[in-house]
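Everything on this sheet refers to the single structure shown next.
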Amino acid sequence: MDIVLLAFLAATAVAVLRVRSLFAVAMLSGIYSFLSATFFLVMDAVDVSFTEAAVGAGVSTMLMLATLAQVGHEERPKPRGRLLPLLVVGITGAALIYGTLDMPAFGDPDAPIHHHVAPRYLEQSLEATGVPNVVTSVLASYRGYDTLGETTVIFTAGVAVVMLLGLKRRRGKGEEDDHA
Amino acid sequence: MMEFVGHFNYWIVIFLMMLGFYTLIARGNLVKKLVGLNIFQTSVFILFISMGKVEGGTAPILEPGLGPYSNPLPSVLILTAIVVGVATTAVGLALVVRIREAYGSVEEEDIHKQDESF
Amino acid sequence: MREHLVPRVGTKILVPFILVFALYVQFHGDFGPGGGFQAGVIFAAGIILYTMVFGLGEGRRVVAPRALLTLVPLGVLIYAGVGVVCMLFGGEFLDYSALAHDPRHGQELGILLVELGVGTTVAAVMITIFFAFAGRGE
C-alpha cells in the first residue's frame with residue numbers, strides 16, 4: 001500500500017517540476033499534501049495525518065491561490081543550463097542514500113528509536129496525565145516547553161505577514177498602509 | 001540483499017526529496033521555488049514518520065486490549081514541523097507579493113537584471 | 001459570486017458544521033486524534049471558506065480585524081500564563097501537577113488550557129494571514 005502511495009507522490013512531484021501553469025502547480029501541491037496525509041495514516045500517525053490534510057491541502061493551497069491572483073499564472077521557461085543543479089541534487093541524493101544504509105529495516109520493532117524514551121511515554125502517560133492520546137500528552141505535557149516555542153513561531157509569522165501586507169485596506173492602491 | 005527490501009521505502013522518499021530540491025534550485029519562478037520547498041519539507045516528514053512505524057502496530061492512542069503501538073515521538077516532532085512549515089510558506093508568499101509589487105515580476109532573471117542595472 | 005447560488009447556499013449550510021467540528025476536535029484531542037493545531041486550522045478554514053464565497057467585506061463583518069489582532073497574542077499569553085501560574089502555585093514553569101489537588105487532575109487541567117491557547121493563536125493567525133493576502137489585492 002505504501003509503495004503505491006509513494007509512486008503517486010513521485011508522479012505528482014514530477015508534474016510540479018514540469019508543469020508551467022502555476023494554478024495547476026498549486027492544485028498539484030494540494031494533491032501532494034493530501035497523498036502524504038494518506039501515507040501518514042497508513043503509518044499509524046493519525047494526528048499528523050489530520051494536521052497535514054488540514055494544513056497542506058487546505059490553508060497552504062488557499063494561500064498559494066491568493067498569491068497567484070496577484071502575481072501571474074504562467075512560468076517562463078529558463079534557457080540556462082541544467083548541469084549544475086543536477087549535479088548538486090545527485091550528490092546530495094547519493095549522500096543521503098549512503099546514510100540510510102546504516103538504518104534499521106522499515107517497520108522493525110527492535111529499532112533503537114523505540115527503546116529509549118518512547119516506551120516510558122507509552123507506559124506512563126495514562127497514569128501520569130489521564131490522557132489516552134499519547135501524542136497530545138507528549139506534545140502538551142512532556143514536551144510542553146517546545147510547544148510554547150512553536151506557538152510563538154506561529155505568532156511571529158502572523159506578525160511578519162501583517163507587517164509585510166497590512167491588515168486594513170481602505171481606498172486606492174497608492175497608500176502604503178503597513179500598520180493595521 | 002535483505003538491506004534492499006528493508007530500505008526501499010527510504011530510497012523512494014529520498015527520491016521525492018531530491019525532486020523537491022531540484023525544483024527549488026533549478027526553476028526561476030519564485031512561486032514554483034516555494035512549492036518545491038514545500039514538497040521537500042513534506043518529503044522529509046514522510047521519511048521521519050516512516051521511521052516511527054512498527055510492523056503490526058496501531059496508532060498511539062492507549063486503549064485496553066490494543067497491541068503494540070507505533071512510536072508517538074516522531075508524530076509529535078512532525079506536528080510541530082508541519083505548522084512551522086506553513087507559517088514559513090505564508091511569510092514566503094507574502095514576500096513574493098511584495099517583490100512583485102516592487103519589481104514587476106516574479107521571475108528570478110528579471111529581478112537580477114533589475115538589480116544589476118543600478 | 002453573486003450569481004453562483006449553489007456555493008452560497010452550500011457554504012451557508014456547511015460553515016456552522018465546520019466550526020462546531022473544530023470545537024469538537026479541540027476538546028476531544030485527549031481521546032482521539034486532534035488537539036490545538038488541528039482545531040485551529042479547521043476553524044480558520046471554515047471562516048476562510050465563508051470569506052472566499054461571500055467576499056472580504058462580509059468576512060470582515062463576521063470576524064473583526066481588531067478582534068483578530070487581540071486573539072493572536074492571547075493564545076500565546078494563555079500558554080505562558082499557565083506556566084507562570086504553575087510557578088505561583090509552587091511548581092516549576094509549566095509543571096501542571098501543581099495546578100490542582102492531585103497531580104493527575106492538574107495535568108488534565110493544564111493540558112486542556114494549554115491546547116486552548118494553542119488553538120486560539122493558530123486560528124487567529126491563519127485568518128489574519130488570509131485577510132492580509134486578500135486585502136492586498138483590493
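Please note that chains go A, B, ... in the order of the C-alpha cells, that every chain numbers its residues from 1, and that ligands are numbered from 1 in the order shown.
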* Shell of 7 Å around stretch 73-89 of chain B, only C-alpha atoms, local chain residues under 4 positions omitted, as a list in words ->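 Returned residues: Ala45, Val48, Glu52, Ser60, Ala118, Val135, Leu139, Glu150, Val153, Ile154 and Ala157 of chain A; Phe45, Phe48, Ile49, Gly52 and Leu93 of chain B.
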* Could you please select, counting only C-alpha atoms, the residues of chain B within 8 Å of chain C and state them as a count of residues only? => 4
* Tell me, as a PyMOL selection string, which residues lie within 9 Å of stretch 20-27 of chain A, counting only C-alpha atoms; anything in the same chain fewer than 2 positions away does not count. => (chain A and resi 15-18+29-32+57+60-62+64-65+68+72-77) or (chain B and resi 31-32+35)
* atom CA of B:Pro68 and atom CA of A:Thr136 are how many Å apart? ->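 Spanning atom CA of B:Pro68 to atom CA of A:Thr136 is a straight-line distance of 18.4 Å.
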* To do: Work out how far atom CA of A:Ser137 is from atom CA of C:His101, in Å to one decimal.
  =>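 Result for atom CA of C:His101 versus atom CA of A:Ser137: 19.6 Å, one decimal.
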Could you give me, as a Markdown table, every chain A residue with an atom at most 9 Å from chain C, plus its closest atom pair and distance in Å to one decimal, counting only C-alpha atoms, rows ordered by chain then number?
```
| residue | atom | partner | partner_atom | distance |
| --- | --- | --- | --- | --- |
| A:Val46 | CA | C:Pro33 | CA | 6.1 |
| A:Asp47 | CA | C:Pro33 | CA | 5.0 |
| A:Val48 | CA | C:Pro33 | CA | 8.7 |
| A:Phe50 | CA | C:Gln38 | CA | 6.8 |
| A:Thr51 | CA | C:Gln38 | CA | 5.3 |
| A:Glu52 | CA | C:Gln38 | CA | 8.9 |
| A:Ala54 | CA | C:Val41 | CA | 6.5 |
| A:Val55 | CA | C:Val41 | CA | 6.6 |
| A:Gly58 | CA | C:Ala45 | CA | 6.9 |
| A:Val59 | CA | C:Ala45 | CA | 6.7 |
| A:Met62 | CA | C:Phe130 | CA | 8.2 |
| A:Leu63 | CA | C:Phe130 | CA | 6.8 |
| A:Ala66 | CA | C:Phe133 | CA | 6.4 |
| A:Thr67 | CA | C:Phe133 | CA | 7.1 |
| A:Ala69 | CA | C:Gly137 | CA | 7.9 |
| A:Gln70 | CA | C:Gly137 | CA | 6.4 |
| A:Glu127 | CA | C:Arg104 | CA | 7.5 |
| A:Ala128 | CA | C:Arg104 | CA | 5.8 |
| A:Thr129 | CA | C:Arg104 | CA | 5.2 |
| A:Gly130 | CA | C:Arg104 | CA | 6.3 |
| A:Val131 | CA | C:Asp30 | CA | 5.4 |
| A:Pro132 | CA | C:Phe31 | CA | 5.5 |
| A:Asn133 | CA | C:Asp30 | CA | 5.3 |
| A:Val134 | CA | C:Asp30 | CA | 8.3 |
| A:Val135 | CA | C:Pro33 | CA | 8.4 |
| A:Thr136 | CA | C:Asp30 | CA | 6.3 |
| A:Ser137 | CA | C:Ile111 | CA | 7.4 |
| A:Ala140 | CA | C:Ile111 | CA | 5.7 |
| A:Ser141 | CA | C:Ile111 | CA | 6.6 |
| A:Gly144 | CA | C:Leu94 | CA | 7.2 |
| A:Tyr145 | CA | C:Leu94 | CA | 7.4 |
| A:Thr147 | CA | C:Val118 | CA | 8.4 |
| A:Leu148 | CA | C:Tyr79 | CA | 6.7 |
| A:Thr151 | CA | C:Val118 | CA | 6.2 |
| A:Thr152 | CA | C:Val76 | CA | 6.5 |
| A:Ile154 | CA | C:Val122 | CA | 6.9 |
| A:Phe155 | CA | C:Val72 | CA | 6.6 |
| A:Ala157 | CA | C:Val125 | CA | 8.0 |
| A:Gly158 | CA | C:Val125 | CA | 5.2 |
| A:Val159 | CA | C:Val125 | CA | 8.4 |
| A:Val161 | CA | C:Ile129 | CA | 6.3 |
| A:Val162 | CA | C:Ala132 | CA | 6.3 |
| A:Leu164 | CA | C:Ala132 | CA | 8.8 |
| A:Leu165 | CA | C:Ala132 | CA | 5.7 |
| A:Gly166 | CA | C:Ala132 | CA | 5.8 |
| A:Leu167 | CA | C:Ala132 | CA | 4.8 |
| A:Lys168 | CA | C:Gly135 | CA | 6.7 |
| A:Arg169 | CA | C:Gly135 | CA | 5.8 |
| A:Arg170 | CA | C:Glu138 | CA | 8.7 |
| A:Arg171 | CA | C:Glu138 | CA | 8.3 |
| A:Gly172 | CA | C:Glu138 | CA | 8.1 |
| A:Lys173 | CA | C:Glu138 | CA | 7.6 |
| A:Ala180 | CA | C:Pro65 | CA | 8.6 |
```
* Asked: What lies within 12 Å of stretch 8-10 of chain C using only C-alpha atoms, ignoring chain neighbours under 4 positions off, as a ChimeraX atom specification?
  -> /C:1-4,14-17,49-55
Take the residues from that selection and put them in a file with C-alpha atoms, as a short mmCIF file (atom, residue, chain, number, x, y, z; two decimals), in the first residue's frame.
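Writing the result to again_31.cif gives the following:
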```cif
data_model
loop_
_atom_site.label_atom_id
_atom_site.label_comp_id
_atom_site.auth_asym_id
_atom_site.auth_seq_id
_atom_site.Cartn_x
_atom_site.Cartn_y
_atom_site.Cartn_z
CA MET C 1 -20.01 35.31 -6.52
CA ARG C 2 -23.47 36.76 -6.60
CA GLU C 3 -24.70 34.52 -9.39
CA HIS C 4 -23.40 31.26 -8.01
CA LEU C 14 -21.62 23.84 5.84
CA VAL C 15 -19.80 26.56 7.75
CA PRO C 16 -21.58 26.10 11.11
CA PHE C 17 -20.80 22.38 10.96
CA LEU C 49 -14.34 29.39 3.12
CA TYR C 50 -17.08 31.80 4.16
CA THR C 51 -14.88 34.76 3.21
CA MET C 52 -14.00 33.29 -0.18
CA VAL C 53 -17.64 32.75 -1.13
CA PHE C 54 -19.18 35.91 0.28
CA GLY C 55 -16.36 38.40 -0.14
#
```
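Atom pair atom CA of A:Leu5 / atom CA of B:Trp11: separated by 14.0 Å.
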* Select, from B:Ser43, B:Ser105, B:Ser70, B:Ser117, the residue with the minimum atom-to-atom distance to A:Leu35, counting only C-alpha atoms. =>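 That would be B:Ser43, the residue with the smallest distance to A:Leu35.
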* What's the 9 Å shell around B:Ile25, counting only C-alpha atoms, without same-chain residues fewer than 5 positions away, as JSON, numbers by chain? -> {"A": [85], "B": [20, 33, 36]}
Write out as a PDB file with C-alpha atoms, in the first residue's frame which residues come within 9 Å of stretch 88-91 of chain A when counting only C-alpha atoms, dropping same-chain ones fewer than 3 positions away.
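Contents of selection33.pdb, as written:
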```
ATOM      1  CA  LEU A  83      24.007  20.584 -15.350  1.00  0.00           C
ATOM      2  CA  LEU A  84      24.906  22.304 -12.109  1.00  0.00           C
ATOM      3  CA  PRO A  85      21.562  21.761 -10.312  1.00  0.00           C
ATOM      4  CA  ALA A  94      23.793   9.856  -3.104  1.00  0.00           C
ATOM      5  CA  ALA A  95      24.982  11.075   0.282  1.00  0.00           C
ATOM      6  CA  LEU A  96      21.531  10.554   1.771  1.00  0.00           C
TER       7      LEU A  96
ATOM      8  CA  MET B  18      15.539  15.344  -4.438  1.00  0.00           C
ATOM      9  CA  LEU B  19      12.666  16.181  -6.780  1.00  0.00           C
ATOM     10  CA  PHE B  21      15.169  20.140  -4.022  1.00  0.00           C
ATOM     11  CA  TYR B  22      15.707  20.233  -7.774  1.00  0.00           C
TER      12      TYR B  22
END
```
* Can you list, as a PyMOL selection string, every residue of chain B that DSSP puts in alpha helix (DSSP H)? -> chain B and resi 2-26+30-52+72-103+108-116
May I have the selected residues written with C-alpha atoms, as a PDB file, in the first residue's frame?
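File selection-v7.pdb, as written:
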```
ATOM      1  CA  MET B   2      17.985  -8.000   2.634  1.00  0.00           C
ATOM      2  CA  GLU B   3      19.026  -4.401   3.019  1.00  0.00           C
ATOM      3  CA  PHE B   4      17.473  -3.583  -0.304  1.00  0.00           C
ATOM      4  CA  VAL B   5      13.962  -4.662   0.642  1.00  0.00           C
ATOM      5  CA  GLY B   6      14.077  -3.068   4.090  1.00  0.00           C
ATOM      6  CA  HIS B   7      15.347   0.230   2.792  1.00  0.00           C
ATOM      7  CA  PHE B   8      13.457   0.579  -0.443  1.00  0.00           C
ATOM      8  CA  ASN B   9      10.864   2.798   1.225  1.00  0.00           C
ATOM      9  CA  TYR B  10      13.525   5.215   2.383  1.00  0.00           C
ATOM     10  CA  TRP B  11      15.108   5.424  -1.040  1.00  0.00           C
ATOM     11  CA  ILE B  12      11.864   6.358  -2.734  1.00  0.00           C
ATOM     12  CA  VAL B  13      11.365   9.086  -0.154  1.00  0.00           C
ATOM     13  CA  ILE B  14      14.862  10.372  -0.788  1.00  0.00           C
ATOM     14  CA  PHE B  15      13.993  10.469  -4.469  1.00  0.00           C
ATOM     15  CA  LEU B  16      10.958  12.619  -3.606  1.00  0.00           C
ATOM     16  CA  MET B  17      13.150  14.894  -1.554  1.00  0.00           C
ATOM     17  CA  MET B  18      15.539  15.344  -4.438  1.00  0.00           C
ATOM     18  CA  LEU B  19      12.666  16.181  -6.780  1.00  0.00           C
ATOM     19  CA  GLY B  20      11.589  18.964  -4.448  1.00  0.00           C
ATOM     20  CA  PHE B  21      15.169  20.140  -4.022  1.00  0.00           C
ATOM     21  CA  TYR B  22      15.707  20.233  -7.774  1.00  0.00           C
ATOM     22  CA  THR B  23      12.530  22.266  -8.252  1.00  0.00           C
ATOM     23  CA  LEU B  24      13.822  24.667  -5.649  1.00  0.00           C
ATOM     24  CA  ILE B  25      17.174  25.341  -7.270  1.00  0.00           C
ATOM     25  CA  ALA B  26      16.530  24.809 -10.961  1.00  0.00           C
ATOM     26  CA  LEU B  30       9.657  32.314  -7.227  1.00  0.00           C
ATOM     27  CA  VAL B  31       6.275  30.727  -6.562  1.00  0.00           C
ATOM     28  CA  LYS B  32       7.437  27.455  -8.053  1.00  0.00           C
ATOM     29  CA  LYS B  33      10.528  27.571  -5.882  1.00  0.00           C
ATOM     30  CA  LEU B  34       8.325  27.882  -2.830  1.00  0.00           C
ATOM     31  CA  VAL B  35       6.209  24.935  -3.948  1.00  0.00           C
ATOM     32  CA  GLY B  36       9.406  22.924  -4.407  1.00  0.00           C
ATOM     33  CA  LEU B  37      10.446  23.860  -0.889  1.00  0.00           C
ATOM     34  CA  ASN B  38       7.054  22.711   0.350  1.00  0.00           C
ATOM     35  CA  ILE B  39       7.449  19.351  -1.397  1.00  0.00           C
ATOM     36  CA  PHE B  40      10.943  18.991   0.030  1.00  0.00           C
ATOM     37  CA  GLN B  41       9.626  19.641   3.551  1.00  0.00           C
ATOM     38  CA  THR B  42       6.734  17.219   3.227  1.00  0.00           C
ATOM     39  CA  SER B  43       9.055  14.501   1.936  1.00  0.00           C
ATOM     40  CA  VAL B  44      11.272  14.944   4.986  1.00  0.00           C
ATOM     41  CA  PHE B  45       8.178  14.462   7.136  1.00  0.00           C
ATOM     42  CA  ILE B  46       7.366  11.266   5.264  1.00  0.00           C
ATOM     43  CA  LEU B  47      10.878   9.971   5.888  1.00  0.00           C
ATOM     44  CA  PHE B  48      10.692  10.767   9.569  1.00  0.00           C
ATOM     45  CA  ILE B  49       7.259   9.288  10.143  1.00  0.00           C
ATOM     46  CA  SER B  50       8.110   6.109   8.283  1.00  0.00           C
ATOM     47  CA  MET B  51      10.931   5.599  10.755  1.00  0.00           C
ATOM     48  CA  GLY B  52       8.444   5.512  13.614  1.00  0.00           C
ATOM     49  CA  PRO B  72       4.466   8.578  19.113  1.00  0.00           C
ATOM     50  CA  LEU B  73       7.656  10.581  19.283  1.00  0.00           C
ATOM     51  CA  PRO B  74       8.155  11.285  15.542  1.00  0.00           C
ATOM     52  CA  SER B  75       4.489  12.274  15.366  1.00  0.00           C
ATOM     53  CA  VAL B  76       4.987  14.960  17.973  1.00  0.00           C
ATOM     54  CA  LEU B  77       8.036  16.427  16.282  1.00  0.00           C
ATOM     55  CA  ILE B  78       6.485  16.399  12.834  1.00  0.00           C
ATOM     56  CA  LEU B  79       3.281  18.023  14.126  1.00  0.00           C
ATOM     57  CA  THR B  80       5.322  20.998  15.192  1.00  0.00           C
ATOM     58  CA  ALA B  81       7.252  20.952  11.937  1.00  0.00           C
ATOM     59  CA  ILE B  82       4.111  20.980   9.776  1.00  0.00           C
ATOM     60  CA  VAL B  83       2.674  24.062  11.398  1.00  0.00           C
ATOM     61  CA  VAL B  84       6.007  25.850  11.353  1.00  0.00           C
ATOM     62  CA  GLY B  85       6.279  24.893   7.675  1.00  0.00           C
ATOM     63  CA  VAL B  86       3.001  26.517   6.770  1.00  0.00           C
ATOM     64  CA  ALA B  87       3.983  29.625   8.719  1.00  0.00           C
ATOM     65  CA  THR B  88       7.216  29.814   6.722  1.00  0.00           C
ATOM     66  CA  THR B  89       5.364  29.298   3.451  1.00  0.00           C
ATOM     67  CA  ALA B  90       2.916  32.067   4.347  1.00  0.00           C
ATOM     68  CA  VAL B  91       5.705  34.541   5.069  1.00  0.00           C
ATOM     69  CA  GLY B  92       7.487  33.482   1.886  1.00  0.00           C
ATOM     70  CA  LEU B  93       4.376  34.045  -0.216  1.00  0.00           C
ATOM     71  CA  ALA B  94       3.858  37.446   1.399  1.00  0.00           C
ATOM     72  CA  LEU B  95       7.419  38.337   0.397  1.00  0.00           C
ATOM     73  CA  VAL B  96       6.694  37.191  -3.157  1.00  0.00           C
ATOM     74  CA  VAL B  97       3.684  39.512  -3.327  1.00  0.00           C
ATOM     75  CA  ARG B  98       5.791  42.430  -2.168  1.00  0.00           C
ATOM     76  CA  ILE B  99       8.588  41.557  -4.603  1.00  0.00           C
ATOM     77  CA  ARG B 100       6.088  41.527  -7.404  1.00  0.00           C
ATOM     78  CA  GLU B 101       4.904  44.986  -6.435  1.00  0.00           C
ATOM     79  CA  ALA B 102       8.441  46.315  -6.219  1.00  0.00           C
ATOM     80  CA  TYR B 103       9.989  44.679  -9.307  1.00  0.00           C
ATOM     81  CA  GLU B 108      14.461  35.289 -10.896  1.00  0.00           C
ATOM     82  CA  GLU B 109      16.201  36.570 -14.037  1.00  0.00           C
ATOM     83  CA  ASP B 110      14.132  39.745 -14.272  1.00  0.00           C
ATOM     84  CA  ILE B 111      14.846  40.541 -10.669  1.00  0.00           C
ATOM     85  CA  HIS B 112      18.580  40.016 -11.095  1.00  0.00           C
ATOM     86  CA  LYS B 113      18.588  42.181 -14.215  1.00  0.00           C
ATOM     87  CA  GLN B 114      16.868  44.994 -12.413  1.00  0.00           C
ATOM     88  CA  ASP B 115      19.259  44.758  -9.515  1.00  0.00           C
ATOM     89  CA  GLU B 116      22.346  44.737 -11.716  1.00  0.00           C
TER      90      GLU B 116
END
```
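Within stretch 5-118 of chain B, the backbone-based DSSP assignment of strand (DSSP E or B) covers Asn29, Thr58, Ile61, Tyr69 and Glu107 of chain B.
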